[in-house]
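Following: one structure in structure tokens, then a few remarks.
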Amino acid sequence: MKPAISVNIGKRAVLTMSKRKTDLVGIIAEDDSDVESIKILIHRIADNDTIGIKKFVGRGCGKIISKSKAWVKILRDQGCTVLILVHDLDKNKLDVLKAKLESCINPCPFEKYLICIPVLELESWLLSDTVAIKTALNLKKLPKIEGNTFDIADPKEFLERIIASNSNNEKRYLNTVHNKLISKELSIEKAKEKNPSFVPFYNFVKNNL
């Protein structure tokens, strides 16, 4: 933190402290574990853990489609300046899903917003870094994953299998517990390299927060 600076106003000297600007980010996602992971990654990419978060959770994708327009307005009214709407691609077509989500929040009251679609799921991002998985869960062995992670058919199930097999079946994967732990360890560079759907999220946070 920079030292206090004395500023003369008339005959009074007022002490001002340099303070880092913080934003309040509104997040709409399918579940709380997604929100926690996104929050951790925002703080890490922006190098600012004072960024505040307000959220709405759909408990699945259906409610996001039906409720997001109202939720976006509430988040704006609550003082959020940035919006990130997260929806896994799953078995949808990327351009079709993105257009549908854009339509759901149109017209968007946020100048700065991102429709964030992890391919195929947010867990695909986490699979980009096996060292992070090993460290976060204290596994006995390092999991091995060849190539990119966006074409792993069921990322959650895949995570469950590699965690079990590399812990001699001593650990059971729970996304509600372990996703945030892996997010804290995840190599940002590996996520960008192995899953291109991470790049728009990274660039948005870097440029706007």
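Here's how to read the names in the structure tokens: chain A, B, ... by the order shown, residue numbers from 1 in each chain, ligand numbers from 1 in the order shown.
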May I have all residues of stretch 11-181 of chain A that DSSP, computed from the backbone, assigns to strand (DSSP E or B), given as a PDB file with N, CA, C and O atoms, in the first residue's frame?
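Okay, this is what ended up in out_25.pdb:
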```pdb
ATOM      1  N   ARG A  12      -6.596  23.892   5.108  1.00  0.00           N
ATOM      2  CA  ARG A  12      -6.636  22.595   5.767  1.00  0.00           C
ATOM      3  C   ARG A  12      -5.778  21.599   5.018  1.00  0.00           C
ATOM      4  O   ARG A  12      -5.703  21.607   3.805  1.00  0.00           O
ATOM      5  N   ALA A  13      -5.130  20.737   5.753  1.00  0.00           N
ATOM      6  CA  ALA A  13      -4.394  19.627   5.156  1.00  0.00           C
ATOM      7  C   ALA A  13      -5.217  18.365   5.394  1.00  0.00           C
ATOM      8  O   ALA A  13      -5.552  18.043   6.524  1.00  0.00           O
ATOM      9  N   VAL A  14      -5.582  17.693   4.332  1.00  0.00           N
ATOM     10  CA  VAL A  14      -6.376  16.495   4.434  1.00  0.00           C
ATOM     11  C   VAL A  14      -5.524  15.304   4.039  1.00  0.00           C
ATOM     12  O   VAL A  14      -4.864  15.324   3.004  1.00  0.00           O
ATOM     13  N   LEU A  15      -5.516  14.276   4.876  1.00  0.00           N
ATOM     14  CA  LEU A  15      -4.761  13.070   4.564  1.00  0.00           C
ATOM     15  C   LEU A  15      -5.610  12.151   3.703  1.00  0.00           C
ATOM     16  O   LEU A  15      -6.755  11.855   4.044  1.00  0.00           O
ATOM     17  N   THR A  16      -5.061  11.760   2.592  1.00  0.00           N
ATOM     18  CA  THR A  16      -5.747  10.798   1.737  1.00  0.00           C
ATOM     19  C   THR A  16      -4.879   9.576   1.579  1.00  0.00           C
ATOM     20  O   THR A  16      -3.661   9.672   1.515  1.00  0.00           O
ATOM     21  N   LEU A  24     -17.846  -4.585  -8.019  1.00  0.00           N
ATOM     22  CA  LEU A  24     -18.768  -5.592  -7.506  1.00  0.00           C
ATOM     23  C   LEU A  24     -19.265  -6.383  -8.716  1.00  0.00           C
ATOM     24  O   LEU A  24     -19.870  -5.823  -9.631  1.00  0.00           O
ATOM     25  N   VAL A  25     -18.978  -7.675  -8.714  1.00  0.00           N
ATOM     26  CA  VAL A  25     -19.292  -8.523  -9.857  1.00  0.00           C
ATOM     27  C   VAL A  25     -20.541  -9.347  -9.580  1.00  0.00           C
ATOM     28  O   VAL A  25     -20.642 -10.004  -8.537  1.00  0.00           O
ATOM     29  N   GLY A  26     -21.478  -9.313 -10.502  1.00  0.00           N
ATOM     30  CA  GLY A  26     -22.646 -10.173 -10.425  1.00  0.00           C
ATOM     31  C   GLY A  26     -22.380 -11.456 -11.188  1.00  0.00           C
ATOM     32  O   GLY A  26     -21.941 -11.407 -12.342  1.00  0.00           O
ATOM     33  N   ILE A  27     -22.614 -12.603 -10.547  1.00  0.00           N
ATOM     34  CA  ILE A  27     -22.391 -13.893 -11.188  1.00  0.00           C
ATOM     35  C   ILE A  27     -23.704 -14.674 -11.208  1.00  0.00           C
ATOM     36  O   ILE A  27     -24.365 -14.811 -10.181  1.00  0.00           O
ATOM     37  N   ILE A  28     -24.051 -15.174 -12.371  1.00  0.00           N
ATOM     38  CA  ILE A  28     -25.163 -16.115 -12.513  1.00  0.00           C
ATOM     39  C   ILE A  28     -24.556 -17.436 -12.979  1.00  0.00           C
ATOM     40  O   ILE A  28     -23.821 -17.470 -13.981  1.00  0.00           O
ATOM     41  N   ALA A  29     -24.817 -18.507 -12.251  1.00  0.00           N
ATOM     42  CA  ALA A  29     -24.223 -19.798 -12.585  1.00  0.00           C
ATOM     43  C   ALA A  29     -25.177 -20.925 -12.221  1.00  0.00           C
ATOM     44  O   ALA A  29     -26.216 -20.702 -11.580  1.00  0.00           O
ATOM     45  N   GLY A  52     -15.743  -7.732  -4.865  1.00  0.00           N
ATOM     46  CA  GLY A  52     -16.929  -8.321  -4.251  1.00  0.00           C
ATOM     47  C   GLY A  52     -17.763  -9.106  -5.251  1.00  0.00           C
ATOM     48  O   GLY A  52     -17.686  -8.884  -6.466  1.00  0.00           O
ATOM     49  N   ILE A  53     -18.550 -10.034  -4.726  1.00  0.00           N
ATOM     50  CA  ILE A  53     -19.375 -10.910  -5.558  1.00  0.00           C
ATOM     51  C   ILE A  53     -20.819 -10.925  -5.044  1.00  0.00           C
ATOM     52  O   ILE A  53     -21.053 -11.041  -3.847  1.00  0.00           O
ATOM     53  N   LYS A  54     -21.767 -10.789  -5.957  1.00  0.00           N
ATOM     54  CA  LYS A  54     -23.166 -11.092  -5.672  1.00  0.00           C
ATOM     55  C   LYS A  54     -23.598 -12.141  -6.691  1.00  0.00           C
ATOM     56  O   LYS A  54     -23.079 -12.167  -7.812  1.00  0.00           O
ATOM     57  N   LYS A  55     -24.540 -12.999  -6.323  1.00  0.00           N
ATOM     58  CA  LYS A  55     -24.800 -14.162  -7.171  1.00  0.00           C
ATOM     59  C   LYS A  55     -26.272 -14.531  -7.224  1.00  0.00           C
ATOM     60  O   LYS A  55     -27.068 -14.192  -6.352  1.00  0.00           O
ATOM     61  N   PHE A  56     -26.596 -15.255  -8.301  1.00  0.00           N
ATOM     62  CA  PHE A  56     -27.822 -16.033  -8.394  1.00  0.00           C
ATOM     63  C   PHE A  56     -27.432 -17.404  -8.930  1.00  0.00           C
ATOM     64  O   PHE A  56     -26.599 -17.503  -9.839  1.00  0.00           O
ATOM     65  N   VAL A  57     -28.010 -18.445  -8.362  1.00  0.00           N
ATOM     66  CA  VAL A  57     -27.672 -19.816  -8.729  1.00  0.00           C
ATOM     67  C   VAL A  57     -28.914 -20.511  -9.259  1.00  0.00           C
ATOM     68  O   VAL A  57     -29.967 -20.510  -8.613  1.00  0.00           O
ATOM     69  N   VAL A  82     -20.224  -5.212 -13.089  1.00  0.00           N
ATOM     70  CA  VAL A  82     -19.774  -6.201 -14.068  1.00  0.00           C
ATOM     71  C   VAL A  82     -20.644  -7.445 -13.914  1.00  0.00           C
ATOM     72  O   VAL A  82     -20.992  -7.829 -12.790  1.00  0.00           O
ATOM     73  N   LEU A  83     -20.996  -8.085 -15.025  1.00  0.00           N
ATOM     74  CA  LEU A  83     -21.812  -9.297 -14.994  1.00  0.00           C
ATOM     75  C   LEU A  83     -21.091 -10.436 -15.701  1.00  0.00           C
ATOM     76  O   LEU A  83     -20.539 -10.246 -16.797  1.00  0.00           O
ATOM     77  N   ILE A  84     -21.096 -11.621 -15.069  1.00  0.00           N
ATOM     78  CA  ILE A  84     -20.603 -12.828 -15.722  1.00  0.00           C
ATOM     79  C   ILE A  84     -21.687 -13.899 -15.580  1.00  0.00           C
ATOM     80  O   ILE A  84     -22.045 -14.286 -14.469  1.00  0.00           O
ATOM     81  N   LEU A  85     -22.203 -14.350 -16.720  1.00  0.00           N
ATOM     82  CA  LEU A  85     -23.206 -15.412 -16.734  1.00  0.00           C
ATOM     83  C   LEU A  85     -22.510 -16.686 -17.215  1.00  0.00           C
ATOM     84  O   LEU A  85     -21.975 -16.728 -18.319  1.00  0.00           O
ATOM     85  N   VAL A  86     -22.513 -17.708 -16.356  1.00  0.00           N
ATOM     86  CA  VAL A  86     -21.785 -18.950 -16.634  1.00  0.00           C
ATOM     87  C   VAL A  86     -22.766 -20.079 -16.907  1.00  0.00           C
ATOM     88  O   VAL A  86     -23.673 -20.339 -16.108  1.00  0.00           O
ATOM     89  N   LYS A 112     -20.480  -3.783 -19.129  1.00  0.00           N
ATOM     90  CA  LYS A 112     -19.432  -4.805 -19.121  1.00  0.00           C
ATOM     91  C   LYS A 112     -20.044  -6.135 -18.676  1.00  0.00           C
ATOM     92  O   LYS A 112     -20.393  -6.284 -17.508  1.00  0.00           O
ATOM     93  N   TYR A 113     -20.189  -7.051 -19.619  1.00  0.00           N
ATOM     94  CA  TYR A 113     -20.733  -8.356 -19.247  1.00  0.00           C
ATOM     95  C   TYR A 113     -20.146  -9.437 -20.148  1.00  0.00           C
ATOM     96  O   TYR A 113     -19.677  -9.170 -21.260  1.00  0.00           O
ATOM     97  N   LEU A 114     -20.184 -10.677 -19.638  1.00  0.00           N
ATOM     98  CA  LEU A 114     -19.646 -11.814 -20.380  1.00  0.00           C
ATOM     99  C   LEU A 114     -20.599 -12.992 -20.290  1.00  0.00           C
ATOM    100  O   LEU A 114     -21.030 -13.361 -19.193  1.00  0.00           O
ATOM    101  N   ILE A 115     -20.940 -13.557 -21.433  1.00  0.00           N
ATOM    102  CA  ILE A 115     -21.594 -14.861 -21.473  1.00  0.00           C
ATOM    103  C   ILE A 115     -20.463 -15.881 -21.510  1.00  0.00           C
ATOM    104  O   ILE A 115     -19.754 -16.004 -22.511  1.00  0.00           O
ATOM    105  N   CYS A 116     -20.262 -16.583 -20.409  1.00  0.00           N
ATOM    106  CA  CYS A 116     -19.128 -17.482 -20.242  1.00  0.00           C
ATOM    107  C   CYS A 116     -19.601 -18.931 -20.379  1.00  0.00           C
ATOM    108  O   CYS A 116     -20.406 -19.389 -19.569  1.00  0.00           O
TER     109      CYS A 116
END
```
Discussion item. Applying 7 Å and only C-alpha atoms, which residues near stretch 163-169 of chain A remain after dropping the ones on its own chain fewer than 4 positions away? List them as a ChimeraX atom specification.
Written reply: /A:139-143,159,173
Export C-alpha atoms of the chosen residues as a PDB file, in the first residue's frame?
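Okay, this is what ended up in result03.pdb:
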```
ATOM      1  CA  LEU A 139      -3.120 -37.458  -4.128  1.00  0.00           C
ATOM      2  CA  LYS A 140      -0.542 -40.225  -3.971  1.00  0.00           C
ATOM      3  CA  LYS A 141       0.134 -40.106  -7.720  1.00  0.00           C
ATOM      4  CA  LEU A 142       0.014 -37.508 -10.468  1.00  0.00           C
ATOM      5  CA  PRO A 143      -2.966 -38.042 -12.806  1.00  0.00           C
ATOM      6  CA  LEU A 159     -12.401 -36.143 -12.341  1.00  0.00           C
ATOM      7  CA  TYR A 173     -14.446 -36.414  -5.540  1.00  0.00           C
TER       8      TYR A 173
END
```
Worksheet item: Got a sec: who's within 12 Å of A:Lys93, counting only C-alpha atoms, leaving out chain neighbours fewer than 5 positions off, as a list in words?
Response: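 Final neighbour list, sorted by chain and number: Asp88, Lys98, Ala99, Lys100, Ile117, Val119 and Leu120 of chain A.
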Take the residues from that selection and put them in a file with all heavy atoms, as a PDB file, in the first residue's frame.
```pdb
ATOM      1  N   ASP A  88     -22.527 -24.121 -18.597  1.00  0.00           N
ATOM      2  CA  ASP A  88     -21.767 -25.176 -19.258  1.00  0.00           C
ATOM      3  C   ASP A  88     -22.317 -25.444 -20.651  1.00  0.00           C
ATOM      4  O   ASP A  88     -23.531 -25.356 -20.883  1.00  0.00           O
ATOM      5  CB  ASP A  88     -21.827 -26.472 -18.453  1.00  0.00           C
ATOM      6  CG  ASP A  88     -21.057 -26.392 -17.140  1.00  0.00           C
ATOM      7  OD1 ASP A  88     -20.171 -25.518 -17.023  1.00  0.00           O
ATOM      8  OD2 ASP A  88     -21.332 -27.204 -16.235  1.00  0.00           O
ATOM      9  N   LYS A  98     -25.026 -19.685 -26.977  1.00  0.00           N
ATOM     10  CA  LYS A  98     -24.640 -18.296 -26.701  1.00  0.00           C
ATOM     11  C   LYS A  98     -25.727 -17.323 -27.152  1.00  0.00           C
ATOM     12  O   LYS A  98     -26.066 -16.376 -26.435  1.00  0.00           O
ATOM     13  CB  LYS A  98     -23.316 -17.960 -27.390  1.00  0.00           C
ATOM     14  CG  LYS A  98     -22.804 -16.581 -27.024  1.00  0.00           C
ATOM     15  CD  LYS A  98     -21.399 -16.335 -27.552  1.00  0.00           C
ATOM     16  CE  LYS A  98     -20.898 -14.975 -27.106  1.00  0.00           C
ATOM     17  NZ  LYS A  98     -19.531 -14.697 -27.600  1.00  0.00           N
ATOM     18  N   ALA A  99     -26.291 -17.561 -28.329  1.00  0.00           N
ATOM     19  CA  ALA A  99     -27.359 -16.689 -28.831  1.00  0.00           C
ATOM     20  C   ALA A  99     -28.583 -16.755 -27.923  1.00  0.00           C
ATOM     21  O   ALA A  99     -29.241 -15.733 -27.671  1.00  0.00           O
ATOM     22  CB  ALA A  99     -27.728 -17.095 -30.262  1.00  0.00           C
ATOM     23  N   LYS A 100     -28.893 -17.938 -27.425  1.00  0.00           N
ATOM     24  CA  LYS A 100     -30.042 -18.106 -26.536  1.00  0.00           C
ATOM     25  C   LYS A 100     -29.847 -17.350 -25.235  1.00  0.00           C
ATOM     26  O   LYS A 100     -30.766 -16.671 -24.745  1.00  0.00           O
ATOM     27  CB  LYS A 100     -30.255 -19.596 -26.256  1.00  0.00           C
ATOM     28  CG  LYS A 100     -31.538 -19.919 -25.504  1.00  0.00           C
ATOM     29  CD  LYS A 100     -31.741 -21.425 -25.426  1.00  0.00           C
ATOM     30  CE  LYS A 100     -33.085 -21.784 -24.821  1.00  0.00           C
ATOM     31  NZ  LYS A 100     -33.309 -23.245 -24.771  1.00  0.00           N
ATOM     32  N   ILE A 117     -19.093 -19.626 -21.404  1.00  0.00           N
ATOM     33  CA  ILE A 117     -19.532 -21.004 -21.665  1.00  0.00           C
ATOM     34  C   ILE A 117     -18.326 -21.942 -21.620  1.00  0.00           C
ATOM     35  O   ILE A 117     -17.606 -22.092 -22.613  1.00  0.00           O
ATOM     36  CB  ILE A 117     -20.248 -21.112 -23.030  1.00  0.00           C
ATOM     37  CG1 ILE A 117     -21.426 -20.123 -23.099  1.00  0.00           C
ATOM     38  CG2 ILE A 117     -20.723 -22.541 -23.269  1.00  0.00           C
ATOM     39  CD1 ILE A 117     -22.158 -20.116 -24.420  1.00  0.00           C
ATOM     40  N   VAL A 119     -16.314 -25.241 -21.983  1.00  0.00           N
ATOM     41  CA  VAL A 119     -16.472 -26.389 -22.878  1.00  0.00           C
ATOM     42  C   VAL A 119     -15.664 -27.564 -22.340  1.00  0.00           C
ATOM     43  O   VAL A 119     -14.458 -27.466 -22.187  1.00  0.00           O
ATOM     44  CB  VAL A 119     -15.993 -26.030 -24.296  1.00  0.00           C
ATOM     45  CG1 VAL A 119     -16.118 -27.218 -25.229  1.00  0.00           C
ATOM     46  CG2 VAL A 119     -16.729 -24.806 -24.846  1.00  0.00           C
ATOM     47  N   LEU A 120     -16.340 -28.680 -21.974  1.00  0.00           N
ATOM     48  CA  LEU A 120     -17.783 -28.879 -21.999  1.00  0.00           C
ATOM     49  C   LEU A 120     -18.419 -28.409 -20.689  1.00  0.00           C
ATOM     50  O   LEU A 120     -19.591 -28.084 -20.640  1.00  0.00           O
ATOM     51  CB  LEU A 120     -18.108 -30.365 -22.199  1.00  0.00           C
ATOM     52  CG  LEU A 120     -17.717 -30.957 -23.558  1.00  0.00           C
ATOM     53  CD1 LEU A 120     -17.870 -32.447 -23.551  1.00  0.00           C
ATOM     54  CD2 LEU A 120     -18.520 -30.355 -24.675  1.00  0.00           C
TER      55      LEU A 120
END
```
Worksheet item: Which one of A:Cys80, A:Leu89, A:Ile105, A:Ile42 sits closest to A:Ile64 if you count only C-alpha atoms?
Response: A:Ile105
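Residues within 10 Å of A:Glu189, counting only C-alpha atoms and excluding same-chain residues fewer than 2 positions away, are Ser128, Asp129, Leu186, Ser187, Ala191, Lys192, Glu193, Lys194, Phe198, Val199 and Tyr202 of chain A.
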Can you pull out every residue from stretch 87-175 of chain A that DSSP, working from the backbone, puts in alpha helix (DSSP H), and format the result as a CSV table (one decimal) with C-alpha atoms, in the first residue's frame?
```
chain,number,residue,atom,x,y,z
A,94,LEU,CA,-21.8,-23.2,-28.8
A,95,ASP,CA,-23.2,-20.6,-31.1
A,96,VAL,CA,-26.9,-21.7,-30.5
A,97,LEU,CA,-26.4,-21.6,-26.7
A,98,LYS,CA,-24.6,-18.3,-26.7
A,99,ALA,CA,-27.4,-16.7,-28.8
A,100,LYS,CA,-30.0,-18.1,-26.5
A,101,LEU,CA,-28.4,-16.7,-23.4
A,102,GLU,CA,-27.8,-13.4,-25.1
A,103,SER,CA,-31.5,-13.2,-26.0
A,104,CYS,CA,-32.4,-14.1,-22.4
A,105,ILE,CA,-30.8,-11.0,-20.9
A,122,LEU,CA,-16.3,-25.8,-15.8
A,123,GLU,CA,-14.6,-29.0,-14.6
A,124,SER,CA,-12.9,-29.2,-18.0
A,125,TRP,CA,-10.9,-26.1,-17.0
A,126,LEU,CA,-9.8,-27.8,-13.8
A,130,THR,CA,-3.1,-32.4,-13.1
A,131,VAL,CA,-0.5,-30.9,-10.8
A,132,ALA,CA,-3.2,-28.7,-9.3
A,133,ILE,CA,-5.5,-31.6,-8.9
A,134,LYS,CA,-2.8,-33.7,-7.2
A,135,THR,CA,-1.8,-30.8,-4.9
A,136,ALA,CA,-5.3,-29.7,-4.0
A,137,LEU,CA,-6.4,-33.3,-3.0
A,155,PRO,CA,-15.5,-34.0,-17.0
A,156,LYS,CA,-17.1,-34.5,-13.6
A,157,GLU,CA,-17.1,-38.3,-13.9
A,158,PHE,CA,-13.6,-38.2,-15.3
A,159,LEU,CA,-12.4,-36.1,-12.3
A,160,GLU,CA,-14.1,-38.6,-10.0
A,161,ARG,CA,-12.3,-41.5,-11.7
A,162,ILE,CA,-8.8,-40.0,-11.8
A,163,ILE,CA,-9.0,-38.9,-8.2
A,164,ALA,CA,-10.1,-42.3,-7.0
A,165,SER,CA,-7.4,-44.1,-9.1
A,175,ASN,CA,-17.4,-30.9,-6.7
```
Discussion item. Considering only C-alpha atoms, can you say which of A:Arg44, A:Lys63, A:Lys69, A:Lys190 comes closest to A:Pro107?
Written reply: A:Lys69
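Of the listed residues A:Ile40, A:Ser68, A:Glu111, A:Thr22, the one whose atoms come nearest to A:Leu181 is A:Ile40, with distances taken using only C-alpha atoms.
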Worksheet entry | Using only C-alpha atoms: which of A:Ser183, A:Ser66, A:Thr176, A:Thr149 has the shortest distance to A:Leu41 |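 Of the candidates, the smallest distance to A:Leu41 is held by A:Ser183.
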Worksheet item: Quick one, how far is atom CA of A:Val205 from atom CA of A:Arg76?
Response: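 Rounded to one decimal, the two atoms are 17.9 Å apart.
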